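Participant: Sending over a structure as structure tokens; questions will come in a sec.
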Amino acid sequence: MNIKSNLKYSKTHEWVEELDNNCALMGLDDYSQDQLGELVYITLPEVGDAVTVGESYADVESVKAVSDVFSCVTGTVAEINEELVDSPEKVNEDPYGAWLVKVEEISAYGELMDADEYKEYLSTL
Amino acid sequence: MSSYVPSTEEQRLEMLKAVGVSSFEDLYADVPEGMRLKEGDLKLPDGMSEMEMLAKMKELAAENKIFSSIFRGAGAYNHYIPSVVKRVTAKEEFVTAYTPYQAEISQGVLQSIFEYQTMICELTGMEASNASVYDGASAAAEAVAMCRDRRRNKVLISGASNPEVIKVVKTYCFGSGVECVIIPAKEGKTDIAALKDALDETVAGVYVHQPSFYGVLEDCSAIADVTHEAGALFIMGINPIVASVVKSPAECGADIAVGEGQPLGMPMAFGGPYLGFMACREKLQRKLPGRIVGQTTDDAGRRCFVLTLQAREQHIRREKASSNICSNEALCALTAAVYMGTMGPNGLREVANQCYAKAHYLATQITEIPGFSLVYPGSFFNEFVTTCPGCTDELLSALEEKDILGGLPVEEGILWCATELNSKEQIDGLVSAIKEVFGK
Amino acid sequence: MKLIFERSVPGRRCYILPKCDVPFEDIPDDMKRQKALRLPELSEVDISRHYTTLNKQVFGVNCGFYPLGSCTMKYNPAVHEEIVGFPGFQAIHPLQPDHTVQGCLKAIELLKVRLCELLGMDSMTFQPAAGAHGEFTGILLIKAYLRDHGGEARDKIIVPDSAHGTNPATANMCGYKVVNIPSAPDGSVDLDALRAAVGPDTAGLMLTNPNTLGMFDKNILEITNIVHEAGGLCYYDGANMNAIMGTVRPGDMGFDVIHLNLHKTFSTPHGGGGPGSGAVGVKEILVDYLPGKDTVKENGEFVLKEPPKSIGSVRSFNGNFLVYLRALAYVLSLGGKGLHEASQNAVLNANYLRVLLKPHCRTSNEGICMHEFVLTIEDLHKKYGVSASDIAKGMLDCGVHPPTMYFPLIVDEALMFEPTETETKEVLDESAEAIIGLLKQAATDPEALHKAPVTTPVGRPDEVTAARSPIIRYMDFDA
């Protein structure tokens, strides 16, 4: 399992990377993509949409399942990774490169773990 | 009497023993005693032999009147069904199979649906078709649900649409909470000025049918333009026979095309089973409800077909699904495909042209009778409304005496219909019968 | 297999229509279609051979054992196909005057009366075209009733987590929020969870009994009572009706509205996925809300009348008439005793197959089941990496249609068998032997099962590519 040390993780297996100017990138982690299997489609929010800690802002489809993606922060969607709409397999191939959204005007972060804590958490599952 | 249970008395006892019980009653031990039916509780007669039952059904069929000439349409059309269509679609495997979940043993059904989807795309000009829905009216209602988004929760329906369709769309909207506004018809077709006034940033979609319920050809390109200016989607209903010769939904600029597929080889059958076809632009294909068949390859690289984009479906999305449809009218879709394959492009256009020619001949003949005139000025296809100088019921009863099903009484007069099945002799017969009642 | 488009030859055709006997009229130019209509051009023999080829690659109930759980794949009597071909049913326009369709109306009335007696309901509509469509109708009826009886604020439908996927989807389509309640391990409703879930916001409960694990819920009266006392209505998903005909009635269990899958319990053919018929039965309180038109006797004749508070229509006209006409033929043939016998033997066949398989595989529940049962091959999956899907694919090589896989969701690696009453003991014995062979093979040669099927016209399709880059129509017209 590839857990990158510079990121923070949620219990529902999303990663978040804090950027400057009160912005952050969010995506699905390696554990998540492995559990979901080969993704075939991703539904992303629109730029300008509000996201809230713990609430679903996107969903990802494999052949036989649809799963919600929960937000690690509260803020506004500044950018979406349009490339994923045509190539959802990028999430499977490079989960940390394939960010889903960039969020700005962040007002809150959820309960997040650093890489070590997250590894510890995964070992309990 | 038969329950189609093949096991013998002896086998049943043997099986009960194997299960470890002594009677059928024991199998139902979990059913509380108080609610269990006892001998004689159920007031149902005994069964019938096949011969008796067949006789009973024949008796019922004989109590329906089969008209030798039919001039009524209004959503169900009397077209010729080629023999090969009936023969092919009666094949037992096609009839008795279930949904093709197991692709490896269902290539026949899957390929037939893939071919059907292609034909519907050709007919409508769209890029994506589903495997069909229940009927034309529910297809319109499903299309409305596709248009809805977070900001837009209103749909505008042309008042010139088939009343059955309007009713079904309204009923679906009662469920979903979408606001459904009917734009009153003008001169038997959509009032484009009124439509334009009603369009705003809350409107998700607009539904118009080509031709209108009154048979009038709509200017669907203009309707598409005003709809798109307001940022809404245009759902165009279309009669599939008509689509072979008039501007297709794609050519008009529609986003979603739907319609009643019954004219494509299905009998009128007192209303069903029919076929709702549904197609859309590629950008909307992941919002398309219902079954969709896709092409892929098997593990040896051979071309094969499979149900695809299933993540949209209710059994996966459950409470997040916007439609609960989980079947299609596969045998009806097969029928439509066999019909289109049999007629071919030229045959289908010939059906359309004959419908058009016969309806225009009929209109010319009827309107020569004093008191009968066309109610609406626009071009029509194979249906039109005339005035009636006397009592409509009296006229229709007189026609019935002569084995003719006349047009449908509507508020403004009578809605007539002609198809390729109405010979010149039938039309002339109708006209002289009308003259007998009213004309001198 | 060639696609129909690949058989097309320009200029080839079938000769169907006579020459037009009235003057030709041209469609206005500005209305004309521009783009060529690329339908196939074929002779009649091409059509016949193409579809015969396709038909050979279809597995119907007539081909063999079809124990697809929750789908009731029973034999479809041949005589029904003859009946629906009568011109007196085929050539009838849905908008003919009532006095010219007395046969159709009598057929509807007769089926309504018989089914109401069987279900313990007061009236029915045949407008819904499928089970899911019936569910939608049923929940709309509840919504309309509540609106008129001060229950507009009730916005939640309770659905057990073992329910068919259509149940929550239906509730959502009708604007309701879904409250999922966990089931007890045997699939029955957890009464405490239900009590905790109901309240002044409860619109209703959707339930099937026997449940999706094939068990009859003994607490059914208490369940419907809890919902009624909270002010909600109870909806019965009739998918599993084949277990209980003549033994117990949904109406007597306390349900207010029910849909039937006439294409399951009442033997109308599935047609490769439809057309079906999702008739809906209701108790007195909902009769006035039924959709479409109801048959009513006036002056010795039947007429179609719209119920006074009708929810509208869920489909045009009178629903899938020829489909429910077959159901009438079935009900007439079997009669009360025959229907009872059919259900009893459906339950017997399921239990017999269950005891044959039980020594070789774990079932979701101990003891007697109703018309279907669920196997879990979780152990084989953990031990040998053989999944439910692998066993199912192996069955294809044995000429047996696989059971329903991965349902209900509360059982891991589930295989749900519903053999129906129309199978013989011999078929059950032989099929059980084949399935046991596969279960044993899972331990000895799992690799072979991963590769199954090998005897079918095509192998496992690549579903991932199909969904990622959908090809959903033929596009090589010019190739």
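Labels for the structure tokens follow display order: chains A, B, ..., residues from 1 in each chain, ligands from 1.
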Pick out the chain A residues within 10 Å of chain B. Count only C-alpha atoms. Give them as a PyMOL selection string.

Facilitator: chain A and resi 40-41+43+60-67

Participant: If we count only C-alpha atoms, what is near B:Ala337 at a cut-off of 10 Å, once residues fewer than 3 positions away on the same chain are taken out, given as a list in words?

Facilitator: Val85, Ser112, Ile113, Phe114, Glu115, Tyr116, Gln117, Thr118, Met119, Ile120, Leu264, Gly265, Leu331, Cys332, Ala333, Leu334, Met340, Gly341, Thr342 and Met343 of chain B; Ile4 and Leu39 of chain C

Participant: Neighbours of B:Glu164 within 9 Å (only C-alpha atoms; same-chain residues fewer than 4 positions away dropped), as a list in words?

Facilitator: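 Here the answer would be Gly75, Ala137, Val168 and Val169 of chain B; Ser313, Arg315, Ser316 and Phe317 of chain C.
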
Participant: Those same residues - C-alpha atoms - I'd like them written as a PDB file, in the first residue's frame.

Facilitator:
```
ATOM      1  CA  GLY B  75     -51.339   7.369 -30.120  1.00  0.00           C
ATOM      2  CA  ALA B 137     -45.518   8.270 -22.586  1.00  0.00           C
ATOM      3  CA  VAL B 168     -48.160  10.406 -17.565  1.00  0.00           C
ATOM      4  CA  VAL B 169     -45.567  13.188 -17.394  1.00  0.00           C
TER       5      VAL B 169
ATOM      6  CA  SER C 313     -51.546   7.621 -15.415  1.00  0.00           C
ATOM      7  CA  ARG C 315     -48.405   4.621 -18.782  1.00  0.00           C
ATOM      8  CA  SER C 316     -50.672   5.270 -21.748  1.00  0.00           C
ATOM      9  CA  PHE C 317     -54.010   3.486 -22.139  1.00  0.00           C
TER      10      PHE C 317
END
```

Participant: With DSSP run on the backbone, what are the strand (DSSP E) residues within chain A? I'd like them as a PyMOL selection string.

Facilitator: chain A and resi 8-9+14-19+23-28+39-43+50-51+56-62+66-70+73-80+101-109

Participant: Export, as a PDB file, in the first residue's frame, the selected residues with C-alpha atoms.

Facilitator:
```pdb
ATOM      1  CA  LYS A   8      -3.364  13.909   5.222  1.00  0.00           C
ATOM      2  CA  TYR A   9      -5.982  11.157   5.173  1.00  0.00           C
ATOM      3  CA  GLU A  14      -9.612  10.206   0.853  1.00  0.00           C
ATOM      4  CA  TRP A  15      -6.389  12.223   0.812  1.00  0.00           C
ATOM      5  CA  VAL A  16      -5.978  15.985   1.047  1.00  0.00           C
ATOM      6  CA  GLU A  17      -2.971  18.141   0.251  1.00  0.00           C
ATOM      7  CA  GLU A  18      -2.862  21.613   1.762  1.00  0.00           C
ATOM      8  CA  LEU A  19      -1.731  24.314  -0.641  1.00  0.00           C
ATOM      9  CA  CYS A  23      -6.531  25.984  -0.925  1.00  0.00           C
ATOM     10  CA  ALA A  24      -6.240  22.214  -1.047  1.00  0.00           C
ATOM     11  CA  LEU A  25      -6.337  19.282  -3.451  1.00  0.00           C
ATOM     12  CA  MET A  26      -8.430  16.197  -2.685  1.00  0.00           C
ATOM     13  CA  GLY A  27      -8.412  12.718  -4.115  1.00  0.00           C
ATOM     14  CA  LEU A  28      -8.838   9.013  -3.412  1.00  0.00           C
ATOM     15  CA  LEU A  39     -12.967   2.652 -12.132  1.00  0.00           C
ATOM     16  CA  VAL A  40     -15.077   3.296 -15.196  1.00  0.00           C
ATOM     17  CA  TYR A  41     -16.568   6.703 -14.500  1.00  0.00           C
ATOM     18  CA  ILE A  42     -16.295   9.637 -12.138  1.00  0.00           C
ATOM     19  CA  THR A  43     -18.971  12.234 -11.494  1.00  0.00           C
ATOM     20  CA  ALA A  50     -19.793  24.249  -1.982  1.00  0.00           C
ATOM     21  CA  VAL A  51     -18.247  21.201  -0.315  1.00  0.00           C
ATOM     22  CA  SER A  56     -20.312  13.538  -0.549  1.00  0.00           C
ATOM     23  CA  TYR A  57     -19.109  15.785  -3.382  1.00  0.00           C
ATOM     24  CA  ALA A  58     -18.460  13.229  -6.124  1.00  0.00           C
ATOM     25  CA  ASP A  59     -19.082   9.608  -6.931  1.00  0.00           C
ATOM     26  CA  VAL A  60     -16.978   6.989  -8.581  1.00  0.00           C
ATOM     27  CA  GLU A  61     -18.204   4.008 -10.512  1.00  0.00           C
ATOM     28  CA  SER A  62     -16.676   0.641 -11.046  1.00  0.00           C
ATOM     29  CA  VAL A  66     -21.023   3.252  -7.140  1.00  0.00           C
ATOM     30  CA  SER A  67     -19.316   4.879  -4.189  1.00  0.00           C
ATOM     31  CA  ASP A  68     -19.527   8.326  -2.688  1.00  0.00           C
ATOM     32  CA  VAL A  69     -16.434  10.434  -2.263  1.00  0.00           C
ATOM     33  CA  PHE A  70     -16.548  12.452   0.954  1.00  0.00           C
ATOM     34  CA  VAL A  73     -12.702  20.118   4.001  1.00  0.00           C
ATOM     35  CA  THR A  74     -15.402  22.754   3.885  1.00  0.00           C
ATOM     36  CA  GLY A  75     -14.946  25.281   1.111  1.00  0.00           C
ATOM     37  CA  THR A  76     -15.681  26.060  -2.530  1.00  0.00           C
ATOM     38  CA  VAL A  77     -14.664  24.058  -5.584  1.00  0.00           C
ATOM     39  CA  ALA A  78     -12.079  26.110  -7.497  1.00  0.00           C
ATOM     40  CA  GLU A  79     -11.063  23.564 -10.102  1.00  0.00           C
ATOM     41  CA  ILE A  80     -11.993  20.061 -11.178  1.00  0.00           C
ATOM     42  CA  VAL A 101     -10.922  18.752  -7.079  1.00  0.00           C
ATOM     43  CA  LYS A 102      -9.079  21.812  -5.907  1.00  0.00           C
ATOM     44  CA  VAL A 103     -10.922  23.593  -3.128  1.00  0.00           C
ATOM     45  CA  GLU A 104     -10.517  27.246  -2.134  1.00  0.00           C
ATOM     46  CA  GLU A 105     -11.802  29.498   0.669  1.00  0.00           C
ATOM     47  CA  ILE A 106     -11.457  26.630   3.104  1.00  0.00           C
ATOM     48  CA  SER A 107     -13.201  27.325   6.391  1.00  0.00           C
ATOM     49  CA  ALA A 108     -12.775  23.944   8.078  1.00  0.00           C
ATOM     50  CA  TYR A 109     -10.826  20.700   7.938  1.00  0.00           C
TER      51      TYR A 109
END
```

Participant: Name all residues at most 10 Å from C:Pro269 (count only C-alpha atoms; drop same-chain ones fewer than 4 positions away) and give them as a list of chain:residue names.

Facilitator: B:Glu92, B:Phe94, B:Val95, B:Thr96, B:Ala97, B:Tyr98, B:Leu331, C:Gly60, C:Val61, C:Met73, C:Lys74, C:Tyr75, C:Asn76, C:Pro77, C:His80, C:Glu81, C:Leu262, C:His263, C:Lys264, C:Gly273, C:Gly274, C:Pro275, C:Gly276, C:Val323, C:Arg326, C:Ala327

Participant: Only residues of chain C matter here; which ones have an atom within 7 Å of chain A, counting only C-alpha atoms? Give them as an NGL selection string.

Facilitator: :C and (463-464 or 467-468)

Participant: Could you write out, as an MDAnalysis selection string, all the residues of stretch 250-324 of chain B that DSSP marks as helix (DSSP H, G or I)?

Facilitator: chainID B and resid 250:252 269:271 282:287 310:312 314:320

Participant: With only C-alpha atoms as the counted atoms, please give the residues lying no more than 10 Å from B:Gln365, apart from itself and same-chain residues fewer than 5 positions off, as a PyMOL selection string.

Facilitator: chain B and resi 359-360+372+427-428+430-432

Participant: Pick from C:Asp29, C:Pro453, C:Asp429, C:Leu37: nearest to B:Ile241, with only C-alpha atoms counted?

Facilitator: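 Counting only C-alpha atoms, the residue closest to B:Ile241 is C:Leu37.
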
Participant: Using only C-alpha atoms, which residues sit within 6 Å of stretch 372-378 of chain C once same-chain residues fewer than 4 positions away are excluded, as a PyMOL selection string?

Facilitator: chain C and resi 213-214+350+362-364+412-418

Participant: Looking at only C-alpha atoms, which of B:Thr171, B:Ser83, B:Thr392, B:Ser23 is the one that sits closest to chain C?

Facilitator: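 Going through B:Thr171, B:Ser83, B:Thr392, B:Ser23 one by one, the smallest distance to chain C is for B:Thr171.
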
Participant: Show me, as a list in words, the residues that have an atom within 8 Å of stretch 290-292 of chain C when counting only C-alpha atoms, minus same-chain residues fewer than 3 positions from it.

Facilitator: Met124, Thr125, Gln127, Thr137, Leu141, Leu286, Val287, Glu306, Pro307, Lys309, Ser310, Ile311, Gly312, Ser313, Val314, Phe317 and Asn318 of chain C

Participant: Which of these, C:Val159, C:Leu304, C:Leu105, C:Ala342, has the shortest distance to chain B once you count only C-alpha atoms?

Facilitator: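 Selected residue with least distance to chain B: C:Ala342.
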
Participant: Between atom CA of B:Gln285 and atom CA of B:Cys252, what is the spacing in Å?

Facilitator: 18.8 Å

Participant: Which one of C:Ser8, C:Thr212, C:Ser123, C:Gln57 sits closest to chain B if you count only C-alpha atoms?

Facilitator: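 Smallest distance to chain B is found for C:Gln57.
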